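Colleague: Structure in structure tokens, see below.
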Amino acid sequence: MENASKALIIAGAILLAILIISLGILIYNQASGVVNDNAMSEVELNNFNQKFTQYEGGAVRGTTVRAIYQAVLSNNITQDSTDRQIEVDGPSTMDETDVQLPDDLNENIRTGASYTVSCEMGTDGGEAGLVQVIHITEN
């Protein structure tokens, strides 16, 4: 009888040790998930870039170029991270700190004109793979 009670105590201690180890692994995995959440998944990266790469091309009309400026402004206002803010290099220059559309937008972007739009991706750090600069040139 004495051996059976010692066996039960040992079995209980082993189960308790397994429970504590499992709890430690669970906490570690959750903590490492929080650290890795700063990086964007490939799907999030594609969705972010799609908002701007859809405009790329060699025969983009002025009204569409104005829509690009609106999309960039909206993005820059809503993004917390400076890694996800975008500059526009074109007839009306706009950097990532702008909180309104450029004053000369209506003067410099002619609705009937044709423009070439290209996106430049970041190459390092939190910017890797993200659209960083949109280049707009009049054809």
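Identifiers in this document derive from the order of the structure tokens: chains are assigned A, B, ..., residues are numbered from 1 separately in each chain, and ligands are numbered from 1 in order of occurrence.
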Could you write out, as a list of chain:residue names, all the residues of region 40-77 of chain A that DSSP marks as helix (DSSP H, G or I)?

Modeller: A:Glu42, A:Val43, A:Glu44, A:Leu45, A:Asn46, A:Asn47, A:Phe48, A:Asn49, A:Gln50, A:Lys51, A:Phe52, A:Thr53, A:Gly62, A:Thr63, A:Thr64, A:Val65, A:Arg66, A:Ala67, A:Ile68, A:Tyr69, A:Gln70, A:Ala71, A:Val72, A:Leu73, A:Ser74, A:Asn75, A:Asn76, A:Ile77

Colleague: Residues within 9 Å of region 100-102 of chain A, please, as a list in words. Count only C-alpha atoms; anything in the same chain fewer than 2 positions from it doesn't count.

Modeller: Tyr69, Gln70, Leu73, Ile77, Ser92, Thr93, Met94, Asp98, Asp104, Leu105 and Asn106 of chain A

Colleague: Keeping only C-alpha atoms, take the residues you just selected and write them out as a PDB file, in the first residue's frame.

Modeller:
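This is the output file part.pdb:
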ATOM      1  CA  TYR A  69      -2.457  61.683 -54.994  1.00  0.00           C
ATOM      2  CA  GLN A  70      -5.696  61.146 -53.041  1.00  0.00           C
ATOM      3  CA  LEU A  73      -2.657  61.299 -48.925  1.00  0.00           C
ATOM      4  CA  ILE A  77      -2.673  60.191 -42.835  1.00  0.00           C
ATOM      5  CA  SER A  92       3.241  68.075 -57.859  1.00  0.00           C
ATOM      6  CA  THR A  93       5.716  66.744 -55.315  1.00  0.00           C
ATOM      7  CA  MET A  94       4.372  65.227 -52.131  1.00  0.00           C
ATOM      8  CA  ASP A  98       2.178  65.978 -46.149  1.00  0.00           C
ATOM      9  CA  ASP A 104      -0.285  73.201 -57.343  1.00  0.00           C
ATOM     10  CA  LEU A 105      -1.974  69.848 -57.993  1.00  0.00           C
ATOM     11  CA  ASN A 106      -4.754  71.272 -60.180  1.00  0.00           C
TER      12      ASN A 106
END

Colleague: Which residues are close to His135 (chain A), i.e. within 9 Å by only C-alpha atoms, leaving aside same-chain residues fewer than 2 positions away? Reply as a PyMOL selection string.

Modeller: chain A and resi 87-90+116-120+133+137

Colleague: Between A:Asn76, A:Val65, A:Pro91, A:Glu127, single out the one closest to Thr111 (chain A), counting only C-alpha atoms.

Modeller: A:Val65

Colleague: Check the DSSP output for the backbone and give back, as number ranges by chain, the residues of region 12-100 of chain A in strand (DSSP E or B).

Modeller: A: 57-61, 87-89, 94

Colleague: In Å, with one decimal, what is the gap from CA of Phe48 (chain A) to CA of Val72 (chain A)?

Modeller: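 For CA of Phe48 (chain A) relative to CA of Val72 (chain A), the distance reads 11.4 Å.
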
Colleague: Can you work out which one of A:Ile136, A:Ala31, A:Ala71, A:Ile9 has the shortest atom-to-atom distance to Gln50 (chain A), counting only C-alpha atoms?

Modeller: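 Among A:Ile136, A:Ala31, A:Ala71, A:Ile9, it is A:Ala71 that comes nearest to Gln50 (chain A).
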
Colleague: Record the distance separating CA of Val43 (chain A) and CA of Val60 (chain A), expressed in Å with one decimal.

Modeller: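 So the two atoms, CA of Val43 (chain A) and CA of Val60 (chain A), lie 26.5 Å apart.
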
Colleague: Between CA of Glu107 (chain A) and CA of Gly62 (chain A), what distance in Å does the model show, to one decimal?

Modeller: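 Between CA of Glu107 (chain A) and CA of Gly62 (chain A) the gap is 11.2 Å.
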
Colleague: Find the spatial neighbours of Leu130 (chain A), counting only C-alpha atoms, within a cut-off of 8 Å - ignore same-chain residues fewer than 3 positions away - and output them as a list in words.

Modeller: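 My list of contacting residues is Leu45, Phe48, Asn49, Arg84, Met121, Gly122 and Glu127 of chain A.
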